[in-house]
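Structure file my_file.pdb; described as PDB, C-alpha atoms.
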MODEL        1
ATOM      1  CA  MET A   1     101.178 153.734-130.373  1.00  0.00           C
ATOM      2  CA  PRO A   2      97.873 155.513-129.603  1.00  0.00           C
ATOM      3  CA  ASN A   3      97.841 159.266-129.826  1.00  0.00           C
ATOM      4  CA  GLN A   4      97.165 161.357-126.722  1.00  0.00           C
ATOM      5  CA  GLU A   5      93.549 162.086-127.704  1.00  0.00           C
ATOM      6  CA  SER A   6      92.696 158.372-128.046  1.00  0.00           C
ATOM      7  CA  GLU A   7      94.462 157.591-124.806  1.00  0.00           C
ATOM      8  CA  ASN A   8      92.530 160.303-122.954  1.00  0.00           C
ATOM      9  CA  ALA A   9      89.217 159.143-124.437  1.00  0.00           C
ATOM     10  CA  SER A  10      89.769 155.595-123.237  1.00  0.00           C
ATOM     11  CA  THR A  11      90.615 156.632-119.672  1.00  0.00           C
ATOM     12  CA  LEU A  12      87.383 158.501-118.939  1.00  0.00           C
ATOM     13  CA  THR A  13      85.114 156.844-116.399  1.00  0.00           C
ATOM     14  CA  PRO A  14      81.419 156.303-117.166  1.00  0.00           C
ATOM     15  CA  GLU A  15      80.625 159.112-114.726  1.00  0.00           C
ATOM     16  CA  GLN A  16      82.977 161.503-116.543  1.00  0.00           C
ATOM     17  CA  ARG A  17      81.497 160.548-119.920  1.00  0.00           C
ATOM     18  CA  LEU A  18      77.861 160.890-118.889  1.00  0.00           C
ATOM     19  CA  THR A  19      77.750 163.980-116.648  1.00  0.00           C
ATOM     20  CA  PRO A  20      78.478 166.905-119.018  1.00  0.00           C
ATOM     21  CA  ALA A  21      75.625 169.405-118.892  1.00  0.00           C
ATOM     22  CA  SER A  22      75.729 170.069-122.629  1.00  0.00           C
ATOM     23  CA  PHE A  23      74.129 167.397-124.809  1.00  0.00           C
ATOM     24  CA  ASP A  24      76.694 168.108-127.547  1.00  0.00           C
ATOM     25  CA  VAL A  25      79.595 167.440-125.165  1.00  0.00           C
ATOM     26  CA  LEU A  26      77.838 164.351-123.854  1.00  0.00           C
ATOM     27  CA  ARG A  27      77.322 163.065-127.411  1.00  0.00           C
ATOM     28  CA  ALA A  28      81.012 163.670-128.158  1.00  0.00           C
ATOM     29  CA  CYS A  29      81.962 161.705-125.053  1.00  0.00           C
ATOM     30  CA  ILE A  30      79.846 158.784-126.254  1.00  0.00           C
ATOM     31  CA  VAL A  31      81.050 158.701-129.862  1.00  0.00           C
ATOM     32  CA  THR A  32      84.665 158.572-128.692  1.00  0.00           C
ATOM     33  CA  ILE A  33      84.094 155.400-126.652  1.00  0.00           C
ATOM     34  CA  PRO A  34      86.758 153.053-128.016  1.00  0.00           C
ATOM     35  CA  ASP A  35      85.292 149.612-127.209  1.00  0.00           C
ATOM     36  CA  VAL A  36      82.093 147.717-126.439  1.00  0.00           C
ATOM     37  CA  GLU A  37      83.128 146.968-122.852  1.00  0.00           C
ATOM     38  CA  THR A  38      83.304 150.697-122.095  1.00  0.00           C
ATOM     39  CA  VAL A  39      79.856 151.139-123.666  1.00  0.00           C
ATOM     40  CA  ARG A  40      78.533 148.410-121.338  1.00  0.00           C
ATOM     41  CA  GLU A  41      80.031 150.168-118.325  1.00  0.00           C
ATOM     42  CA  CYS A  42      78.415 153.437-119.405  1.00  0.00           C
ATOM     43  CA  VAL A  43      75.030 151.747-119.916  1.00  0.00           C
ATOM     44  CA  ALA A  44      75.250 150.239-116.431  1.00  0.00           C
ATOM     45  CA  TYR A  45      76.153 153.636-114.974  1.00  0.00           C
ATOM     46  CA  GLU A  46      73.330 155.378-116.843  1.00  0.00           C
ATOM     47  CA  ASN A  47      70.777 152.752-115.790  1.00  0.00           C
ATOM     48  CA  ALA A  48      71.825 153.074-112.150  1.00  0.00           C
ATOM     49  CA  HIS A  49      71.907 156.856-112.029  1.00  0.00           C
ATOM     50  CA  GLN A  50      69.822 158.798-114.523  1.00  0.00           C
ATOM     51  CA  ASN A  51      68.307 156.284-116.957  1.00  0.00           C
ATOM     52  CA  ARG A  52      67.900 158.866-119.747  1.00  0.00           C
ATOM     53  CA  GLU A  53      66.409 157.220-122.839  1.00  0.00           C
ATOM     54  CA  PRO A  54      68.185 159.468-125.392  1.00  0.00           C
ATOM     55  CA  ILE A  55      71.552 158.699-123.791  1.00  0.00           C
ATOM     56  CA  LEU A  56      70.845 154.977-123.751  1.00  0.00           C
ATOM     57  CA  ARG A  57      69.952 155.184-127.461  1.00  0.00           C
ATOM     58  CA  LEU A  58      73.261 156.930-128.220  1.00  0.00           C
ATOM     59  CA  LEU A  59      75.129 154.260-126.278  1.00  0.00           C
ATOM     60  CA  ALA A  60      73.311 151.509-128.187  1.00  0.00           C
ATOM     61  CA  GLN A  61      74.193 153.198-131.474  1.00  0.00           C
ATOM     62  CA  GLN A  62      77.863 153.458-130.467  1.00  0.00           C
ATOM     63  CA  ALA A  63      77.931 149.774-129.481  1.00  0.00           C
ATOM     64  CA  SER A  64      76.432 148.851-132.827  1.00  0.00           C
ATOM     65  CA  GLU A  65      79.005 150.904-134.714  1.00  0.00           C
ATOM     66  CA  LEU A  66      81.861 149.355-132.732  1.00  0.00           C
ATOM     67  CA  ARG A  67      80.575 145.838-133.411  1.00  0.00           C
ATOM     68  CA  SER A  68      80.341 146.520-137.158  1.00  0.00           C
ATOM     69  CA  LYS A  69      84.021 147.531-137.387  1.00  0.00           C
TER
ENDMDL
END
Structure re-expressed in structure tokens:
Amino acid sequence: MPNQESENASTLTPEQRLTPASFDVLRACIVTIPDVETVRECVAYENAHQNREPILRLLAQQASELRSK
């Protein structure tokens, strides 16, 4: 059974993950993404809204880490 923290992390929308003003909070939101599908949704959201290169790089890194597990 997943703990509450994991459950909360997996229920955030791409918008909720990618709108924190603080880069540290934003990075934390990205590294807690639990699966590649959620990373894809966040990439699509970022491309459609802000298209920030550093954020896209963090998302790519998270996808890579998830795939290597």
Calculate how many Å separate CA of Val31 (chain A) from CA of Leu12 (chain A), rounding to one decimal.
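Answer for the CA of Val31 (chain A) to CA of Leu12 (chain A) separation: 12.6 Å.
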Top pick for closest residue to Leu66 (chain A), considering A:Val39, A:Pro14, A:Thr19, A:Ala28 and counting all atoms listed in the file
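That would be A:Val39, the residue with the smallest distance to Leu66 (chain A).
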Quick one: distance from CA of Tyr45 (chain A) to CA of Ser68 (chain A) in Å, one decimal?
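Atom-to-atom, CA of Tyr45 (chain A) and CA of Ser68 (chain A) are spaced 23.7 Å apart.
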Might you spell out which residues the PyMOL selection byres ((chain A and resi 35) around 9) would select in the displayed file, as a ChimeraX atom specification?
/A:10,33-34,36-39,62-63,66-67
Write the residues you've just listed into a file as a compact mmCIF listing (two decimals), in the frame of the given file, and include C-alpha atoms for each of them.
# COMPACT_ATOMS: atom_id res chain seq x y z
CA SER A 10 89.77 155.60 -123.24
CA ILE A 33 84.09 155.40 -126.65
CA PRO A 34 86.76 153.05 -128.02
CA VAL A 36 82.09 147.72 -126.44
CA GLU A 37 83.13 146.97 -122.85
CA THR A 38 83.30 150.70 -122.10
CA VAL A 39 79.86 151.14 -123.67
CA GLN A 62 77.86 153.46 -130.47
CA ALA A 63 77.93 149.77 -129.48
CA LEU A 66 81.86 149.35 -132.73
CA ARG A 67 80.58 145.84 -133.41
Would you please work out which residue, of A:Asp24, A:Lys69, A:Thr11, A:Leu18, is nearest to His49 (chain A) when using all atoms listed in the file?
A:Leu18
From the list A:Ala44, A:Glu65, A:Ala60, A:Pro54, which residue is nearest Leu26 (chain A) when using only C-alpha atoms?
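The answer is A:Pro54, which sits nearest to Leu26 (chain A).
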As an exercise, work out the distance from CA of Ile55 (chain A) to CA of Ala21 (chain A) in Å and give it to one decimal place.
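Rounded to one decimal, the two atoms are 12.5 Å apart.
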Calculated over all atoms listed in the file, which of the candidates A:Leu58, A:Asn51, A:Ser64, A:Val43 has the smallest distance to Phe23 (chain A)?
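Ranked by minimum distance to Phe23 (chain A), first place goes to A:Leu58.
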Build an axis-aligned box that encloses every atom of region 58-62 of chain A listed in the file, pad it by 6 Å on each side, and report its centre and edge lengths in Å to one decimal, as lines of an AutoDock Vina configuration file.
center_x = 75.6
center_y = 154.2
center_z = -128.9
size_x = 16.6
size_y = 17.4
size_z = 17.2
Top pick for closest residue to Glu46 (chain A), considering A:Ser22, A:Gln16, A:Thr32, A:Gln61 and counting only C-alpha atoms:
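Distance minimum relative to Glu46 (chain A) lands on A:Gln16.
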